[in-house]
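All remarks here apply to the structure that follows.
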Amino acid sequence: MKFVTSQIINASILWLCLVIGQSNALQSTVVDTWNGGFKGRFDIPLSESISNGWRITLTFSQQVTNLQISNADIVSNNNNRIYVLENKSYNSIFTRGSLKMDFIANTNGNAGRRASVELEVLPPPTPERGPDEYQCTCGYRVDYIDSWTGHLKARVTIPLSTPATSGWTLFLQFSDPVSSMQVFNGDNRGTRDNGFIYKVKNLQHNAYVTDQLVQEFIVTFTGLQPIIYPQLKDSTSCNCTDVMTTSVPATKASTTQASQTTLQGSTHGPTSLTTQATERMAQTVCLVSSCTCGSSITLKDRWSNNVKGEFSIPITTATNSWNLELRFSVPVDNIQIWNAGEVSKSKDQTTYYLVNLNNNGNLSPGQILTMEFIATYSGTEEPVWDVKLSGQPVCGEPLAITTQQSAVTTQGTPLQTAGSGCLESICTCGSNVTVLDRWSGNVRGEFNIPITTETNSWNLELRFSAPVDDIQIWDAVEVSSSADQTTYYLVNAQYNSNLSPGQTLAMEFIATYSGAQEPVWDARLSGQPVCGPGQPAPQTTQPSPTTQSASNTQSASNTQSTVTTQSSTTTQSVATTQSSTTTQSTTQQATTQIASGCLVNTCTCGSSISVVTSLSGSLIGEFIIPVTTATTSWDVKLKFSVPVDDIQMSHAVVVSNSDDKKTYYLRNRYDNGNLSPGQTLRLRFVALYSGAEEPSVYDAELSDQPLCGDGQSTEQVTQSATTAKQITSSKPSATTTDQPATTTKGQSATTTAGQPATTTPGQSETTTGQQTATIKVQPATTTQGTEPVTVPGMPYPYYEVLEKSILFYEAQRSGTLPSSQRVTWRHNSFENDGNDNGVDLNGGWFDAGDYVKFGLPMAQSATVLAWGAIEFKDAYIAAQQWDWMLDCLKWATDYFLKCHTGPNEFYGQVGDGGADHAFWGRPEDYTGYRPSFKLDINNPGSDVAGETAAALAAASIVFRDSDATYADALLDSAAELYAFANNYRGVYHNSITNAGSYYASSGYGDELAWAAAWIYKANAAKGVATNHLIEAKNHYQTFNLQTEPWAFSWDDKKAGVQLLLYMITGESQYQTAIQNAINPWLPGGSVPYTPRGLAYRDQWGVNRYSANMAFLSLVAAEHIPSKATDYHNFAKSQINYMLGDGGRSYVVGFGNNPPTEPHHRSSSCPTSGTCNWNDFNAAGPNPQILYGALVGGPNNNDGFTNDRTDYIYNEITTDYNAGFQSAVAGIYELYLTGDTS
């Protein structure tokens, strides 16, 4: 398609007109000119979307000596008249509208200017895999929703020929490899084929799908943007194709669009910022006291919560390595930068610390260091920035920061408030809405609703003034939408169901629309009072004689509904409109039915039901059932008077339905199975139906509760409910005693279910109940005593905890097991690890409840275990566990030595996360994909190599007294690995991309300092002085490791570095740093506490974070006497909470009411027979006791759910136990030495 321009010339104003065919002007835009230059804009309407990039030829009527354009790359220039431009990496896709861009041209004259524009849509590059290499589900659809640098957001829609009634598995196949994937409403089980195929499983709430499966996701990639080929397991397969119905269809051939541009203008320079090609220059303007002299910054582009920026720094002093501070005026969540390595950021996220890459460390005077980056922020204020480069002079004064808002963004402006701005007759009283941002076809909004009535579950109607194609909302679950797409029905998420008076429910969302009108909206929250024009009488859940309301609107229908219950209660709603047609429908408001009049046949005595909201084709219902009999699991039989196509709910699992679709069988979720007499079970659901009659009449039966109605007995109904669909849970009630059964050596222990037995080496155990485990002991040779040392007044047998934690590490062993193996339900596994690369990688620990050997957390676990053994050796000896501890640590260090296959080589991972997580069974039975991943000079991993160096060095100190030769081998390997990490820098997940979805590293600076400090300490232990302390201190400064850490963990070693350097040097700067790291965790600090006293840093592995900080506190107390009491008390409070002070034990097989269902594959398997996902879903304790494993921990109110399917509460990992075990040893040693302050 060719575009021709009309040529409009004016002495003072520059006009741009695009004309098609018969010179019908499409659009004109005003731009500016000045002496020697002009600012122009081309605006090309698109007849089709662009998905693979574009090229523009810009031809000027006279020579342009310099062309500046921000959103395109200039690839060629012919005689300063013909410029060829190509897209940037972030704007290769245009989905609708036009391709619009500003530019600045410098010329030598002031005559009229003209330019023609020719657009070429580029064909897609050749993918690595074509559609003929895959099979796809017939009739699939892929929508490419959005794309930005290295990212693609897409949606797949797959029609179902038969409903998926018990879960589904989706394979997302790609034409080019994908680095990682985020799925919004599915369980990402990882990649199966080096990034070409990802496996996605259902979540609990969407295991049942009727007509079509829809999944949205975001993928990251480093090469070509991938084409997506979806296949649903067990569906009918067809050939895949590149020609798909997409929002951004793939373009298979070049097309050409052209336009002519006429330019003329006035005598002043470029003016205000625009939303596309925006530039801002600032010469040596600083945010803080000083920045690098002569530095400048440029704003290249902005879009919703993102800015693309650039900085340029003149070099005046030569250097062969550098670090740089990129400092922002407001917090920035994340940056993407391509020519520097990000090593850390400040706690307030206003400063990012960068270092050179291998290819740009050398800088010479006269050069300019220029870099682009993208900054993502979540605040309302757009950041500005400055830079400070090491080794260069600093200048400048602080900049007075002002907020810059995009011309298209209206931030913080309420559009409607309840009562005066309700879209319909009523909305929730006091609610208000805000437009936060808008861009083409999208608006980001917020609603705020004051809570006046307490509730433990809710639903919400989000109602728009115009149709909305889709919404994204993060703190609620979308269950359905109205047929005209103006109303979306939401229910609470798992974590925000409880609302109390005085609170405000505030949520953000993004609404995508294709119409010409931007929607506005209001919100109506169930159970809260409503206001606004035409407000009806407050609604109630109790039956009333007759309620009637009427409203007059301009509509195209006359709508009337009448609902009468068996208790002679009638609710009538009449809406009269000016129309010539009459339509009957049922539009019902909160009609409640009571159990004394069960509507279908039988129902649970005392139950009540209501219809909360109804529309054509769907209704939201609620039932309330009183509980009279205690239960730990339950089923509900939901019976309708007419067929229902599907029901959706967030607080129960839909298991199955009857053939006539009048009965649905529900089961409790993992977090709400326990019911006690006096409680009520209250559940809401959405029922979708296609028949003429609304399913407003229904009953509910709760298992194990008495039934009423129709004269049928409780036993008869319960039997029919359980035999017809086989849905009654067999999960038994938990029974425990207050004290664990304990034995001494040589005795046998007999316990009942729920009563953990504790053992010491040499004893045997039998149990009655579902958990059985045999521990075989071959005593190690030792000079220590035969019985652990007990101390009067010691609240817990810490020696027993040490023993069982070491047993946990035995259960995690991979490879050929030794004859001394005590956990006998484990056997040899993965003895051929490394064969794919011709190396022996037999050994090591499984990371968690899976079977991947992730190098970073495994090495960190070994370092912390070794440190605890160094500091608290006497505790291990007193517990009769020193030899077992050496055996435990050596299992890891032997494996690390195998992984170190060359001076600059290290195998950082064995196993594929995706393939491994798709398997549930014993490690001995696994036959799937198991690759090994190597780091080398072309694929660096400074974090993994550095952490492993630290582990080997620390372990060499542990083994120095008993095996000096082995200790020397460990230390030599540590030094070589550190040199590799330091000389070839990079984060490991860029080299081992499979690890990125599981253990992505935030940087490697802390590991370099950590490794250097440990190597120095290990050499000092053998009487050798090295320069590693100098290097550790240099890393400490270079990577700003003095900042307060968020936690001490497998990813962040800053607190460990601070403490270790203080122990080595005694310098006050390190003492200050480690106190600043620990003090926020003490009572009254910034880290919150649960009501029972656990420092609650994060819901994922909360016990791990507190235990790690408890360990550091115990070590620090030995070197900071003034803080010893505070640090000791903190450590004891945290560890004792996990052992029982929190109301239960969080250690498997120990103490009162311990966890019995850890999220752990091998212990969930029976001693013999098959083991698969049925065992994952099975009710009851794991058949094998995973002694000593510390589970993730409670919620922030001390609540805990003992269910292996809940991997937040019940996850176990080697790094969870490492700090915990070392802290237990430290507390035990306190009691041994009499220091119990």
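Identifiers in this document derive from the order of the structure tokens: chains are assigned A, B, ..., residues are numbered from 1 separately in each chain, and ligands are numbered from 1 in order of occurrence.
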
Excluding stretch 845-859 of chain A and its own-chain neighbours fewer than 5 positions away, which residues fall within 6 Å of it when counting only C-alpha atoms? Please give them as a short mmCIF file (atom, residue, chain, number, x, y, z; two decimals) with N, CA and C atoms, in the first residue's frame.
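The resulting file, selection_15.cif, is shown below:
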data_model
loop_
_atom_site.label_atom_id
_atom_site.label_comp_id
_atom_site.auth_asym_id
_atom_site.auth_seq_id
_atom_site.Cartn_x
_atom_site.Cartn_y
_atom_site.Cartn_z
N GLN A 812 18.05 -37.26 52.24
CA GLN A 812 18.19 -36.44 51.03
C GLN A 812 19.31 -36.90 50.13
N ARG A 813 19.99 -37.98 50.48
CA ARG A 813 21.15 -38.41 49.71
C ARG A 813 20.76 -38.93 48.33
N SER A 814 21.54 -38.53 47.36
CA SER A 814 21.45 -39.06 46.00
C SER A 814 22.65 -39.94 45.74
N GLY A 908 27.10 -27.06 38.06
CA GLY A 908 26.28 -26.34 39.02
C GLY A 908 24.89 -26.89 39.21
N GLN A 909 24.49 -27.89 38.42
CA GLN A 909 23.16 -28.46 38.59
C GLN A 909 23.09 -29.81 37.88
N VAL A 910 22.35 -30.72 38.48
CA VAL A 910 22.02 -31.99 37.84
C VAL A 910 20.51 -32.18 37.97
N GLY A 911 19.87 -32.42 36.85
CA GLY A 911 18.42 -32.60 36.84
C GLY A 911 17.74 -31.40 36.21
N VAL A 944 27.53 -19.47 42.22
CA VAL A 944 27.62 -20.89 42.58
C VAL A 944 29.06 -21.29 42.87
N GLU A 947 30.09 -19.67 46.23
CA GLU A 947 29.48 -20.31 47.39
C GLU A 947 30.08 -21.69 47.64
N THR A 948 30.35 -22.43 46.56
CA THR A 948 30.96 -23.76 46.74
C THR A 948 32.36 -23.61 47.29
N ALA A 951 32.00 -23.17 50.93
CA ALA A 951 31.65 -24.42 51.61
C ALA A 951 32.88 -25.31 51.78
N TRP A 1050 20.16 -18.57 51.20
CA TRP A 1050 20.93 -19.15 50.10
C TRP A 1050 21.30 -18.11 49.05
N HIS A 1159 5.87 -31.98 52.27
CA HIS A 1159 5.80 -31.99 50.81
C HIS A 1159 7.09 -32.64 50.30
N HIS A 1160 7.09 -33.97 50.26
CA HIS A 1160 8.33 -34.71 50.04
C HIS A 1160 7.98 -36.02 49.34
N ARG A 1161 8.52 -36.20 48.17
CA ARG A 1161 8.11 -37.32 47.33
C ARG A 1161 8.43 -38.67 47.95
N ILE A 1212 9.99 -28.69 52.53
CA ILE A 1212 11.24 -28.95 53.26
C ILE A 1212 12.38 -28.79 52.27
N THR A 1213 13.51 -28.28 52.72
CA THR A 1213 14.69 -28.15 51.86
C THR A 1213 15.93 -28.31 52.72
N THR A 1214 17.05 -28.58 52.05
CA THR A 1214 18.31 -28.70 52.79
C THR A 1214 18.72 -27.38 53.41
#

Can you list, as a list in words, every protein, DNA or RNA residue that comes within 9 Å of A:Leu357 when you count only C-alpha atoms, leaving out same-chain residues fewer than 4 positions away? Ser321, Asn339, Ala340, Gly341, Gly361, Arg985 and Gly986 of chain A

Limited to C-alpha atoms, could you put the picked residues into a file as a PDB file, in the first residue's frame?
ATOM      1  CA  SER A 321      37.626  -2.361  35.905  1.00  0.00           C
ATOM      2  CA  ASN A 339      26.143  -3.647  29.260  1.00  0.00           C
ATOM      3  CA  ALA A 340      26.783  -3.920  32.982  1.00  0.00           C
ATOM      4  CA  GLY A 341      26.323  -6.519  35.666  1.00  0.00           C
ATOM      5  CA  GLY A 361      36.197  -3.097  31.844  1.00  0.00           C
ATOM      6  CA  ARG A 985      32.097 -13.077  36.455  1.00  0.00           C
ATOM      7  CA  GLY A 986      28.414 -13.600  35.901  1.00  0.00           C
TER       8      GLY A 986
END

Looking at only C-alpha atoms, which of A:Gln648, A:Ser500, A:Gln1134, A:Thr452 is the one that sits closest to A:Tyr664? A:Gln648

Just list as JSON, numbers by chain whatever in stretch 1024-1207 of chain A DSSP marks as helix (DSSP H, G or I). {"A": [1028, 1029, 1030, 1031, 1032, 1033, 1034, 1035, 1036, 1037, 1038, 1054, 1055, 1056, 1057, 1058, 1059, 1060, 1061, 1062, 1063, 1064, 1065, 1068, 1069, 1070, 1071, 1072, 1073, 1074, 1075, 1076, 1077, 1078, 1079, 1080, 1081, 1102, 1103, 1104, 1105, 1106, 1107, 1108, 1109, 1110, 1111, 1112, 1113, 1114, 1115, 1116, 1117, 1121, 1122, 1123, 1124, 1125, 1126, 1127, 1128, 1129, 1130, 1131, 1132, 1133, 1134, 1135, 1136, 1137, 1138, 1139, 1140, 1141, 1162, 1163, 1164, 1173, 1174, 1175, 1176, 1177, 1207]}

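From atom CA of A:Gly223 back to atom CA of A:Glu310, the distance works out to 23.2 Å.
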
Calculated over only C-alpha atoms, which of the candidates A:Gln173, A:Thr824, A:Gln1075, A:Thr157 has the smallest distance to A:Asp211? A:Thr157

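Nearest to A:Gly527 of all the residues A:Ala981, A:Val839, A:Ala955, A:Leu460 is A:Leu460, based on only C-alpha atoms.
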
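For the atom pair formed by atom CA of A:Arg960 and atom CA of A:Pro797, the distance is 29.3 Å, given to one decimal.
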
If we count only C-alpha atoms, what is near A:Ala207 at a cut-off of 9 Å, once residues fewer than 3 positions away on the same chain are taken out, given as an MDAnalysis selection string? chainID A and resid 164:168 201:204 653:655
